[in-house]
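Structure file run02.cif (mmCIF, N, CA, C and O atoms) is printed below.
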```cif
data_structure
loop_
_atom_site.label_atom_id
_atom_site.label_comp_id
_atom_site.auth_asym_id
_atom_site.auth_seq_id
_atom_site.Cartn_x
_atom_site.Cartn_y
_atom_site.Cartn_z
N MET A 1 -15.91 1.02 -29.01
CA MET A 1 -14.53 1.09 -29.42
C MET A 1 -13.63 0.93 -28.19
O MET A 1 -13.84 1.57 -27.16
N LEU A 2 -12.61 0.10 -28.30
CA LEU A 2 -11.68 -0.12 -27.20
C LEU A 2 -10.62 0.98 -27.16
O LEU A 2 -10.25 1.54 -28.20
N PRO A 3 -10.12 1.28 -25.98
CA PRO A 3 -9.06 2.29 -25.90
C PRO A 3 -7.79 1.80 -26.59
O PRO A 3 -7.52 0.60 -26.64
N ALA A 4 -6.99 2.72 -27.07
CA ALA A 4 -5.73 2.37 -27.72
C ALA A 4 -4.70 1.89 -26.70
O ALA A 4 -3.82 1.11 -27.03
N ALA A 5 -4.81 2.36 -25.46
CA ALA A 5 -3.85 1.97 -24.42
C ALA A 5 -4.50 2.19 -23.05
O ALA A 5 -5.46 2.93 -22.92
N VAL A 6 -3.94 1.52 -22.07
CA VAL A 6 -4.39 1.67 -20.69
C VAL A 6 -3.15 1.88 -19.83
O VAL A 6 -2.16 1.17 -19.97
N LEU A 7 -3.18 2.87 -18.96
CA LEU A 7 -2.07 3.13 -18.05
C LEU A 7 -2.45 2.65 -16.67
O LEU A 7 -3.45 3.09 -16.09
N TRP A 8 -1.68 1.72 -16.15
CA TRP A 8 -1.90 1.21 -14.80
C TRP A 8 -0.88 1.89 -13.91
O TRP A 8 0.30 1.57 -13.95
N ASP A 9 -1.31 2.85 -13.12
CA ASP A 9 -0.42 3.71 -12.36
C ASP A 9 -0.10 3.12 -10.99
O ASP A 9 -0.78 3.39 -10.02
N MET A 10 0.94 2.30 -10.92
CA MET A 10 1.31 1.67 -9.65
C MET A 10 2.44 2.39 -8.93
O MET A 10 2.86 1.99 -7.86
N ASP A 11 2.97 3.44 -9.52
CA ASP A 11 4.11 4.10 -8.88
C ASP A 11 3.89 5.58 -8.62
O ASP A 11 4.83 6.31 -8.39
N GLY A 12 2.65 6.02 -8.66
CA GLY A 12 2.35 7.41 -8.31
C GLY A 12 2.62 8.41 -9.41
O GLY A 12 2.74 9.60 -9.14
N THR A 13 2.71 7.96 -10.64
CA THR A 13 2.96 8.87 -11.76
C THR A 13 1.86 9.91 -11.91
O THR A 13 2.12 11.09 -12.12
N ILE A 14 0.62 9.48 -11.80
CA ILE A 14 -0.52 10.37 -11.98
C ILE A 14 -1.04 10.89 -10.63
O ILE A 14 -1.22 12.09 -10.45
N ILE A 15 -1.26 9.99 -9.70
CA ILE A 15 -1.80 10.33 -8.39
C ILE A 15 -0.97 9.64 -7.32
O ILE A 15 -0.72 8.43 -7.40
N ASP A 16 -0.55 10.37 -6.31
CA ASP A 16 0.20 9.78 -5.20
C ASP A 16 -0.79 9.23 -4.18
O ASP A 16 -1.30 9.95 -3.32
N THR A 17 -1.09 7.94 -4.27
CA THR A 17 -2.03 7.30 -3.36
C THR A 17 -1.35 6.70 -2.13
O THR A 17 -2.02 6.20 -1.23
N GLU A 18 -0.03 6.75 -2.08
CA GLU A 18 0.71 6.13 -0.97
C GLU A 18 0.26 6.64 0.40
O GLU A 18 0.06 5.82 1.31
N PRO A 19 0.09 7.96 0.62
CA PRO A 19 -0.36 8.40 1.96
C PRO A 19 -1.73 7.82 2.35
O PRO A 19 -1.95 7.46 3.50
N ILE A 20 -2.63 7.70 1.40
CA ILE A 20 -3.96 7.14 1.68
C ILE A 20 -3.83 5.66 2.01
O ILE A 20 -4.45 5.16 2.95
N TRP A 21 -3.01 4.95 1.25
CA TRP A 21 -2.80 3.52 1.49
C TRP A 21 -2.15 3.31 2.85
O TRP A 21 -2.54 2.42 3.60
N GLN A 22 -1.16 4.14 3.19
CA GLN A 22 -0.49 4.01 4.49
C GLN A 22 -1.49 4.18 5.64
O GLN A 22 -1.49 3.39 6.59
N GLU A 23 -2.32 5.21 5.56
CA GLU A 23 -3.30 5.46 6.62
C GLU A 23 -4.32 4.33 6.71
O GLU A 23 -4.72 3.92 7.80
N SER A 24 -4.74 3.81 5.58
CA SER A 24 -5.75 2.73 5.59
C SER A 24 -5.19 1.47 6.25
O SER A 24 -5.93 0.75 6.93
N GLN A 25 -3.89 1.21 6.11
CA GLN A 25 -3.29 0.05 6.78
C GLN A 25 -3.35 0.20 8.29
O GLN A 25 -3.68 -0.75 9.01
N VAL A 26 -3.03 1.39 8.78
CA VAL A 26 -3.04 1.66 10.22
C VAL A 26 -4.46 1.50 10.76
O VAL A 26 -4.68 0.83 11.78
N VAL A 27 -5.44 2.08 10.08
CA VAL A 27 -6.84 2.03 10.52
C VAL A 27 -7.38 0.60 10.49
O VAL A 27 -8.01 0.14 11.44
N LEU A 28 -7.12 -0.12 9.40
CA LEU A 28 -7.66 -1.47 9.26
C LEU A 28 -7.08 -2.42 10.31
O LEU A 28 -7.82 -3.19 10.94
N THR A 29 -5.78 -2.39 10.51
CA THR A 29 -5.20 -3.30 11.50
C THR A 29 -5.67 -2.96 12.92
O THR A 29 -5.93 -3.86 13.71
N ALA A 30 -5.82 -1.67 13.22
CA ALA A 30 -6.33 -1.28 14.54
C ALA A 30 -7.74 -1.79 14.76
O ALA A 30 -8.10 -2.21 15.86
N ARG A 31 -8.53 -1.77 13.71
CA ARG A 31 -9.91 -2.26 13.81
C ARG A 31 -9.95 -3.72 14.25
O ARG A 31 -10.88 -4.16 14.93
N TYR A 32 -8.93 -4.48 13.90
CA TYR A 32 -8.88 -5.90 14.25
C TYR A 32 -7.94 -6.19 15.41
O TYR A 32 -7.55 -7.33 15.64
N GLY A 33 -7.56 -5.14 16.14
CA GLY A 33 -6.78 -5.31 17.36
C GLY A 33 -5.29 -5.50 17.14
O GLY A 33 -4.57 -5.87 18.06
N ALA A 34 -4.80 -5.25 15.94
CA ALA A 34 -3.36 -5.37 15.67
C ALA A 34 -2.75 -3.99 15.59
O ALA A 34 -3.44 -3.00 15.40
N GLU A 35 -1.44 -3.94 15.77
CA GLU A 35 -0.75 -2.66 15.65
C GLU A 35 0.06 -2.65 14.37
O GLU A 35 0.82 -3.57 14.07
N TRP A 36 -0.12 -1.63 13.57
CA TRP A 36 0.64 -1.42 12.33
C TRP A 36 0.94 0.06 12.26
O TRP A 36 0.05 0.88 12.18
N THR A 37 2.20 0.39 12.33
CA THR A 37 2.57 1.80 12.35
C THR A 37 2.85 2.31 10.95
O THR A 37 3.04 1.53 10.01
N HIS A 38 2.90 3.61 10.84
CA HIS A 38 3.25 4.24 9.57
C HIS A 38 4.65 3.76 9.14
O HIS A 38 4.90 3.50 7.98
N GLN A 39 5.54 3.63 10.11
CA GLN A 39 6.90 3.15 9.81
C GLN A 39 6.88 1.71 9.28
O GLN A 39 7.66 1.37 8.40
N ASP A 40 6.00 0.86 9.80
CA ASP A 40 5.86 -0.50 9.27
C ASP A 40 5.50 -0.44 7.79
O ASP A 40 6.07 -1.17 6.98
N GLY A 41 4.55 0.41 7.45
CA GLY A 41 4.14 0.56 6.07
C GLY A 41 5.26 1.07 5.19
O GLY A 41 5.49 0.56 4.09
N LEU A 42 5.98 2.07 5.68
CA LEU A 42 7.09 2.63 4.91
C LEU A 42 8.18 1.60 4.65
O LEU A 42 8.83 1.63 3.60
N SER A 43 8.35 0.67 5.58
CA SER A 43 9.40 -0.34 5.41
C SER A 43 9.11 -1.29 4.26
O SER A 43 10.00 -2.00 3.80
N LEU A 44 7.87 -1.31 3.78
CA LEU A 44 7.49 -2.23 2.69
C LEU A 44 7.26 -1.53 1.36
O LEU A 44 7.01 -2.19 0.36
N VAL A 45 7.35 -0.21 1.32
CA VAL A 45 7.12 0.52 0.07
C VAL A 45 8.12 0.03 -0.99
O VAL A 45 9.32 -0.04 -0.74
N GLY A 46 7.59 -0.36 -2.13
CA GLY A 46 8.42 -0.83 -3.23
C GLY A 46 8.79 -2.29 -3.15
O GLY A 46 9.48 -2.80 -4.03
N SER A 47 8.34 -2.99 -2.12
CA SER A 47 8.68 -4.40 -1.96
C SER A 47 7.79 -5.28 -2.81
O SER A 47 6.64 -4.94 -3.09
N GLY A 48 8.31 -6.42 -3.16
CA GLY A 48 7.53 -7.41 -3.89
C GLY A 48 6.64 -8.21 -2.96
O GLY A 48 6.73 -8.09 -1.72
N LEU A 49 5.80 -9.04 -3.52
CA LEU A 49 4.85 -9.84 -2.75
C LEU A 49 5.57 -10.80 -1.80
O LEU A 49 5.10 -11.05 -0.70
N GLU A 50 6.71 -11.33 -2.21
CA GLU A 50 7.44 -12.28 -1.36
C GLU A 50 7.80 -11.64 -0.02
O GLU A 50 7.72 -12.28 1.01
N ARG A 51 8.21 -10.39 -0.05
CA ARG A 51 8.59 -9.70 1.18
C ARG A 51 7.38 -9.14 1.92
O ARG A 51 7.24 -9.31 3.12
N SER A 52 6.52 -8.46 1.20
CA SER A 52 5.40 -7.79 1.86
C SER A 52 4.30 -8.74 2.29
O SER A 52 3.54 -8.43 3.19
N GLY A 53 4.21 -9.91 1.70
CA GLY A 53 3.19 -10.87 2.08
C GLY A 53 3.66 -11.92 3.05
O GLY A 53 2.90 -12.76 3.50
N GLY A 54 4.93 -11.84 3.43
CA GLY A 54 5.51 -12.82 4.33
C GLY A 54 5.37 -12.41 5.78
O GLY A 54 4.47 -11.67 6.16
N ASP A 55 6.31 -12.86 6.57
CA ASP A 55 6.32 -12.53 7.99
C ASP A 55 6.53 -11.03 8.16
O ASP A 55 7.23 -10.41 7.37
N PRO A 56 5.98 -10.44 9.24
CA PRO A 56 6.14 -9.01 9.46
C PRO A 56 7.61 -8.64 9.57
O PRO A 56 8.42 -9.45 10.03
N PRO A 57 7.95 -7.40 9.12
CA PRO A 57 9.36 -6.96 9.18
C PRO A 57 9.84 -6.82 10.60
O PRO A 57 9.12 -6.66 11.52
#
```

Once you've parsed the file, please lay out its structure as structure tokens.
Amino acid sequence: MLPAAVLWDMDGTIIDTEPIWQESQVVLTARYGAEWTHQDGLSLVGSGLERSGGDPP
């Protein structure tokens, strides 16, 4: 039986994953020799793909 509905939680309604995502960005970029600060991540919160996937802020 299929579920009656599915909730895709992209805005932290159920779980606030933003702090985990922010930390993972810092760790991943450092692993590859780039610098990405927590502030860099915060500057893109809520942005669309056009902004967040483009040139660095």

I need the residues in chain A that are alpha helix (DSSP H) according to DSSP; give them as a list in words.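 Written out, the alpha helix (DSSP H) residues of chain A are Glu18, Pro19, Ile20, Trp21, Gln22, Glu23, Ser24, Gln25, Val26, Val27, Leu28, Thr29, Ala30, Arg31, His38, Gln39, Asp40, Gly41, Leu42, Leu49, Glu50, Arg51 and Ser52 of chain A.
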
In Å to one decimal, how far is atom N of A:Leu42 from atom N of A:Ala30?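 Atom-to-atom, atom N of A:Ala30 and atom N of A:Leu42 are spaced 14.5 Å apart.
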
For A:Leu44, the nearest of the candidates A:Val27, A:Glu18, A:Gly12, A:Met1, counting only C-alpha atoms: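 Closest candidate: A:Glu18.
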
A:Gln39: which residues within 12 Å, counting only C-alpha atoms, same-chain residues fewer than 5 positions away excluded, as a list in words?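 After dropping sequence-adjacent residues, the list is Pro19, Gln22, Glu23, Gln25, Val26, Leu44, Val45 and Pro57 of chain A.
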
If you measure from atom N of A:Ser52 to atom O of A:Asp40, what distance in Å do you get, rounded to one decimal?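 Taking atom N of A:Ser52 as the start and atom O of A:Asp40 as the end point, the length is 9.3 Å.
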
Kindly provide, as AutoDock Vina command-line options, the centre and edge lengths (Å, one decimal) of an axis-aligned box around all atoms of stretch 24-39 of chain A given in the file, with 8 Å on each side.
```
--center_x -1.6 --center_y -1.5 --center_z 11.8 --size_x 34.5 --size_y 27.6 --size_z 28.5
```

Students should find that atom O of A:Ser47 and atom CA of A:Asp9 are spaced 14.5 Å
